[in-house]
Amino acid sequence: MFKELSILAVVVAFSLLTYWLVEPFAHSQMHAHIETKHFKYTDLPAITKTGNAVAGKELVMGAGACTGCHSIETAGMPAMMPAVDAAASYGVNPPDLSTAGALYDANFLVAMIKNPAHATNLDHKYPADGSKMHPMVAFYGAGGDMDQEVADMVAYLQSIAPKAEEVTPKVAFENACGRCHSMRYKNWTPIGEKGKFKYKKDELRFDASVLDYQDYVVKYMGKLPPDLSMYYRSRGEHFLETFIEDPQSHLKGTAMPRVGVTAESAEKVVEYLRDAADPKHAEREETGKNVMIYMIFFVLFAFLWKKEIWKKLH
């Protein structure tokens with residue numbers, strides 16, 4: 001019996017060694033380890049003014065000209081044009097601002113309004129000399145204290161946004177990532193979810209619109225952003241978190257913008273990616289526990305059975 005238990009112990013030890021040491025080491029060699037900054041965005045100046053949501057609404061709807069490009073569905077402001085037409089104009093469909101105040105860091109929103117290239121960490125793509133302009137026009141003020149005006153605009157966006165805990169992983173992904181990336185395992189395309197079509201011609205028309213949209217994104221980004229269905233399994237949670245936080249930390253010079261989400265929003269995006277790549281992870285983990293319990297009892301009964309059968313020979 002000692003021999004069998006020794007063999008079992010060796011098998012278990014090597015299995016655990018592979019799972020907890022060898023595999024993580026291999027991943028560390030394939031991808032450089034990047035430390036997270038906990039979504040603090042320390043390179044962006046902090047808000048110095050207390051915003052007024054009422055004044056901010058007037059700016060967002062008026063002099064700030066936000067609704068000239070962005071929709072705000074919760075405020076009854078639909079998109080000015082279809083997603084494909086918007087991508088033709090701006091390179092990508094501007095996001096709806098209904099949840100912006102909950103999804104994005106406040107300092108990031110301020111920087112995004114004042115200097116989009118710097119906020120998104122794309123100064124290398126849109127230099128200060130103005131040789132190439134960011135598709136989002138910077139806000140230069142409405143005649144008053146610019147810092148106060150921007151703080152007011154952010155306060156308004158926060159006032160109309162749902163509470164952070166009410167934002168679902170699906171909404172977080174679609175707003176932060178889903179206007180460039182597809183997720184075929186979730187039937188998601190950059191122009192929206194692909195539903196079921198009664199007629200094939202309608203499905204083909206939708207697919208053609210997706211291809212048109214992606215062509216504009218390629219011109220804007222330089223290449224087609226990848227489908228993210230399996231990125232959780234191929235890259236791992238830490239890689240995704242740090243990449244979302246700052247794409248430049250992993251791919252220096254990449255055209256992918258920093259999206260500026262909060263730590264809580266990033267967790268929800270990663271949760272959605274995990275669910276797409278491994279939809280049965282919770283069920284599998286529960287099954288794994290039951291299997292381990294079964295194995296323990298099986299080994300115990302096998303030992304007792306062997307002891308009973310062989311007791312006369314020992």
# chains A, B, ... in the order shown; residues from 1 in each chain; ligands from 1
$ residues_around --residues "Leu211 in chain A" --least-positions-apart "3" --cutoff "10 Å" --atoms "only C-alpha atoms" --output "list in words"
Val84, Thr189, Pro190, Ile191, Arg205, Phe206, Asp207, Ala208, Gln214, Asp215, Tyr216 and Val217 of chain A
$ write_last_selection --atoms "N, CA and C atoms" --output "CSV table (one decimal), in the first residue's frame"
chain,number,residue,atom,x,y,z
A,84,VAL,N,-22.1,53.5,-38.6
A,84,VAL,CA,-21.2,53.4,-39.7
A,84,VAL,C,-20.9,54.8,-40.3
A,189,THR,N,-20.8,42.9,-32.2
A,189,THR,CA,-20.0,43.5,-33.2
A,189,THR,C,-19.8,45.0,-32.8
A,190,PRO,N,-18.9,45.7,-33.4
A,190,PRO,CA,-18.7,47.1,-33.1
A,190,PRO,C,-19.9,48.0,-33.4
A,191,ILE,N,-20.8,47.5,-34.1
A,191,ILE,CA,-22.0,48.3,-34.4
A,191,ILE,C,-23.2,47.8,-33.6
A,205,ARG,N,-27.1,42.2,-45.0
A,205,ARG,CA,-27.0,43.7,-44.9
A,205,ARG,C,-26.3,44.1,-43.6
A,206,PHE,N,-26.6,43.5,-42.5
A,206,PHE,CA,-26.0,43.8,-41.3
A,206,PHE,C,-24.5,43.4,-41.3
A,207,ASP,N,-24.2,42.3,-41.9
A,207,ASP,CA,-22.7,41.9,-42.0
A,207,ASP,C,-22.0,42.9,-42.8
A,208,ALA,N,-22.6,43.4,-43.9
A,208,ALA,CA,-21.9,44.3,-44.8
A,208,ALA,C,-21.7,45.6,-44.0
A,214,GLN,N,-15.7,48.4,-39.9
A,214,GLN,CA,-14.4,47.9,-39.6
A,214,GLN,C,-13.4,48.5,-40.5
A,215,ASP,N,-13.8,48.8,-41.8
A,215,ASP,CA,-12.8,49.4,-42.7
A,215,ASP,C,-12.5,50.8,-42.2
A,216,TYR,N,-13.4,51.5,-41.7
A,216,TYR,CA,-13.2,52.9,-41.2
A,216,TYR,C,-12.3,52.8,-39.9
A,217,VAL,N,-12.5,51.8,-39.1
A,217,VAL,CA,-11.7,51.6,-37.9
A,217,VAL,C,-10.3,51.3,-38.2
$ residues_around --residues "Asn175 in chain A" --least-positions-apart "6" --cutoff "12 Å" --atoms "only C-alpha atoms" --output "PyMOL selection string"
chain A and resi 93-104+167-169+181+190-192+259-261+265-266+268-269
$ select_by_dssp --residues "range 54-295 of chain A" --states "alpha helix (DSSP H)" --output "PyMOL selection string"
chain A and resi 54-61+83-90+100-103+106-114+116-119+146-160+169-176+200-221+231-235+237-245+263-277+281-295
$ closest_residue --among "A:Gly51, A:Pro257, A:Gly91, A:Gly236" --to "Ala106 in chain A" --atoms "only C-alpha atoms"
A:Gly51
